[in-house]
Amino acid sequence: MDPKRPLPFFSEPTLSTFSARKSFLWRFTLPLVVSVILLFSNFDAQAVHPSFNRTMGGFGEEPLVFERTEDEFSTSVEDTLHMDRISFAPRGDGLGYVIRFHQSTRLDSFSLIQPASDLIQLELFHSNIDTLDIQFPTYNEDVQEVRLYQLENSYGVDIYLGQQLKVISNAYPDMQSQDLLVALTYSTPREVEVYTQQFLARNWYLSINPDNALDILAPAAPSPANLDLEYEQVKGKLRFDTVIIDPGHGGHDPGNVGYRNAREKDVVLSISKKLGSYIEEYLPDVKVIYTRETDRYVDLEERGSIANRAEGDLFVSIHADGWTSSSVYGSSVFFLGLHRSDAAFEVMKRENSVFTNHSDELFNLTEEDLLIYELAHSGYIATSERIAYMIEDQFRTRANRKSRGVKQAGFVVLYQASMPAVLIETGFLSNPAEQRFLTSDYGQSIIASAIFRAIRDYKLEYEKTQN
Ligand SMILES: [Zn+2]
């Protein structure tokens, strides 16, 4: 393929194969893909618009059909691309790594984004990619995992990097072979931050045929068969038996109002109810108490009182973030505690003031309050921290969320509850991709089941230490 020629993906014959549904998905992906493709070709942006608009116009109607001439592009739609191996190696110039997708033929097109320092996402376009016998690289602390998703009309790839690795990524076709190369170039943390901020993470499950979605991700419905045998063995000696679920806000307090007017109070109530139903179904010996089950306002002190009256073993407050910049996304888990150093306190203040709108919930506690709390409840704090990390791990590794980390902060609602307590910011409603995720039944199930698994695992761990 002549690298100077426009990549064929945008030519009219290719667009003509779009189904109406694909054009709908495409509406979200086109701007990103165009910006990346432009880097690799002398593609004329003006030429996109007529066919793009005509395709958009075809949404809900018969797909438009274009004439195709054989010599216009060489890739037959019947071609199967065999992807045998993904490998990575340090670059010869010592400036980073290169990840190679070993392919029998060239892709029709591809796009790359890097929405976080530790996440690279590729979308590969080809009529048929065979990955049946693919070999994945031997992972190390820098390149931690590669995941492939077969989407309805393309293929998604997530590459997870170590958080300590600071690189900027680019993709290009190898000139000596049919392979696709992803170059990782060492960069400063600031450069990586600026670079990654321009991208919104892709949620591949949105493009997966819904019939196959659960098979591919398989995260959502926990089933009794998933319960550990060990758990069954200690079940008779239970002590962790009451969980308080606290859906944030409610009534006249909508919480954050995000993209398309998604309201935090509604999203977190749905997630909370799913979490409660998982616990009731799969941990029948655990009692679930809600601070609210309907759209009503409960003040922060009352939420703590409900928890204390029920003598809960764990208080879980569920929230969703919002911020003025729609590019900010990811989940965070907080537990209450005193900052360990002035520097940490400054970081916390800055983080909270920049990335959450919960400042009213944050700073009513004095340092002295927190010190007293810590002296009185050091056991709760250690437990809260442990559970917070288990939830964060579930979000990152199983629910495929970008983690903004585990943090300590002075949330009043946590202070009121005399028990281990965590506050979960499930994601940003101001970010369109996360808004779609958090308002979807599917996304809410994934979030709720991730929290469920962390609670279940903690319960198991706790009960083992009691025996
Ligand atoms: Zn909130």
# chains A, B, ... in the order shown; residues from 1 in each chain; ligands from 1
$ residues_near_ligand --ligand "ligand 1" --cutoff "8 Å" --atoms "only C-alpha atoms and all ligand atoms" --output "PyMOL selection string"
chain A and resi 248-249+255-256+264-265+318-321+357-358+425
$ write_last_selection --atoms "C-alpha atoms" --output "tab-separated table (two decimals), in the first residue's frame"
chain	number	residue	atom	x	y	z
A	248	GLY	CA	-25.92	10.28	47.74
A	249	HIS	CA	-28.22	13.31	47.51
A	255	GLY	CA	-26.17	16.24	43.22
A	256	ASN	CA	-24.15	16.73	40.08
A	264	GLU	CA	-26.41	12.13	40.23
A	265	LYS	CA	-29.25	11.38	42.65
A	318	ILE	CA	-22.30	6.08	46.44
A	319	HIS	CA	-21.81	9.20	44.34
A	320	ALA	CA	-21.08	10.34	40.81
A	321	ASP	CA	-18.78	13.20	40.00
A	357	ASN	CA	-18.20	19.46	43.35
A	358	HIS	CA	-18.55	18.01	46.80
A	425	GLU	CA	-17.22	8.42	43.14
$ residues_around --residues "A:Asp93" --least-positions-apart "3" --cutoff "12 Å" --atoms "only C-alpha atoms" --output "JSON, numbers by chain"
{"A": [89, 90, 96, 97, 98, 183, 184, 185, 186]}
$ closest_atom_pairs --of "stretch 381-464 of chain A" --to "stretch 150-165 of chain A" --cutoff "12 Å" --atoms "only C-alpha atoms" --output "Markdown table"
| residue | atom | partner | partner_atom | distance |
| --- | --- | --- | --- | --- |
| A:Arg396 | CA | A:Tyr160 | CA | 10.4 |
| A:Thr397 | CA | A:Tyr160 | CA | 10.1 |
| A:Asn400 | CA | A:Asp158 | CA | 9.7 |
| A:Arg401 | CA | A:Tyr160 | CA | 11.5 |
| A:Lys402 | CA | A:Tyr160 | CA | 10.5 |
| A:Ser403 | CA | A:Gln163 | CA | 10.6 |
| A:Arg404 | CA | A:Gln163 | CA | 11.3 |
| A:Gly405 | CA | A:Gln163 | CA | 11.2 |
$ write_last_selection --atoms "C-alpha atoms" --output "mmCIF file, in the first residue's frame"
data_model
loop_
_atom_site.group_PDB
_atom_site.id
_atom_site.type_symbol
_atom_site.label_atom_id
_atom_site.label_comp_id
_atom_site.auth_asym_id
_atom_site.auth_seq_id
_atom_site.Cartn_x
_atom_site.Cartn_y
_atom_site.Cartn_z
ATOM 1 C CA ARG A 396 -9.764 -1.096 37.491
ATOM 2 C CA THR A 397 -9.266 -4.753 36.721
ATOM 3 C CA ASN A 400 -12.506 -1.653 33.185
ATOM 4 C CA ARG A 401 -12.774 1.819 34.693
ATOM 5 C CA LYS A 402 -10.057 4.407 34.770
ATOM 6 C CA SER A 403 -9.003 4.743 38.396
ATOM 7 C CA ARG A 404 -8.336 8.130 39.885
ATOM 8 C CA GLY A 405 -7.095 6.322 42.950
#
$ atom_distance --atom1 "atom CA of A:Phe125" --atom2 "atom CA of A:Pro137"
21.9 Å
$ select_by_dssp --residues "stretch 84-325 of chain A" --states "strand (DSSP E or B)" --output "PyMOL selection string"
chain A and resi 84-90+96-103+109-116+119-125+128-130+135+143-150+155-161+167-173+180-186+242-247+250+253+257+263+287-290+314-321
$ atom_distance --atom1 "atom CA of A:Ser127" --atom2 "atom CA of A:Asp79"
6.8 Å
$ closest_residue --among "A:Ser177, A:Ser117, A:Gln144, A:Asn170" --to "A:Ser104" --atoms "only C-alpha atoms"
A:Ser177
$ residues_around --residues "stretch 131-136 of chain A" --least-positions-apart "4" --cutoff "7 Å" --atoms "only C-alpha atoms" --output "PDB file with N, CA and C atoms, in the first residue's frame"
ATOM      1  N   HIS A  82      -5.036 -12.389   9.455  1.00  0.00           N
ATOM      2  CA  HIS A  82      -4.664 -13.250  10.580  1.00  0.00           C
ATOM      3  C   HIS A  82      -3.732 -12.487  11.507  1.00  0.00           C
ATOM      4  N   MET A  83      -4.143 -12.339  12.720  1.00  0.00           N
ATOM      5  CA  MET A  83      -3.277 -11.676  13.706  1.00  0.00           C
ATOM      6  C   MET A  83      -2.710 -12.783  14.592  1.00  0.00           C
ATOM      7  N   ASP A  84      -1.400 -13.038  14.427  1.00  0.00           N
ATOM      8  CA  ASP A  84      -0.792 -14.206  15.076  1.00  0.00           C
ATOM      9  C   ASP A  84      -0.241 -13.868  16.454  1.00  0.00           C
ATOM     10  N   ARG A  85       0.204 -12.637  16.603  1.00  0.00           N
ATOM     11  CA  ARG A  85       0.994 -12.370  17.793  1.00  0.00           C
ATOM     12  C   ARG A  85       1.009 -10.872  18.061  1.00  0.00           C
ATOM     13  N   ILE A  86       1.069 -10.527  19.317  1.00  0.00           N
ATOM     14  CA  ILE A  86       1.339  -9.147  19.705  1.00  0.00           C
ATOM     15  C   ILE A  86       2.610  -9.205  20.549  1.00  0.00           C
ATOM     16  N   SER A  87       3.596  -8.423  20.168  1.00  0.00           N
ATOM     17  CA  SER A  87       4.852  -8.490  20.918  1.00  0.00           C
ATOM     18  C   SER A  87       5.268  -7.073  21.287  1.00  0.00           C
TER      19      SER A  87
END
$ atom_distance --atom1 "atom CA of A:Phe101" --atom2 "atom CA of A:Asn140"
17.5 Å
$ closest_residue --among "A:Gly312, A:Leu119, A:Lys407, A:Leu148" --to "A:Arg239" --atoms "only C-alpha atoms"
A:Gly312
$ residues_around --residues "stretch 328-335 of chain A" --least-positions-apart "4" --cutoff "9 Å" --atoms "only C-alpha atoms" --output "PyMOL selection string"
chain A and resi 197+200-201+320-324+355+381+384-385+388-389+391-392+395-396+401-411+414+420-431+433-434
$ select_by_dssp --residues "stretch 156-208 of chain A" --states "helix (DSSP H, G or I)" --output "PyMOL selection string"
chain A and resi 189-196+204-206
$ closest_residue --among "A:Ile99, A:Leu107, A:Lys273, A:Leu181" --to "A:Val146" --atoms "only C-alpha atoms"
A:Ile99
$ closest_atom_pairs --of "stretch 251-314 of chain A" --to "stretch 447-453 of chain A" --cutoff "8 Å" --atoms "only C-alpha atoms" --output "CSV"
residue,atom,partner,partner_atom,distance
A:Ile271,CA,A:Ala448,CA,5.7
A:Ser272,CA,A:Ala448,CA,7.1
A:Lys274,CA,A:Ala448,CA,5.9
A:Leu275,CA,A:Ala448,CA,4.7
A:Tyr278,CA,A:Phe452,CA,6.8
A:Ile279,CA,A:Phe452,CA,6.7
$ closest_residue --among "A:Asp299, A:Asp246, A:Glu368, A:Glu374" --to "A:Val268" --atoms "only C-alpha atoms"
A:Asp246
$ closest_residue --among "A:Gly276, A:Ser325, A:Pro432, A:Asp457" --to "A:Arg386" --atoms "only C-alpha atoms"
A:Asp457
$ closest_residue --among "A:Leu336, A:Leu370, A:Leu95, A:Leu112" --to "A:Ser187" --atoms "only C-alpha atoms"
A:Leu95
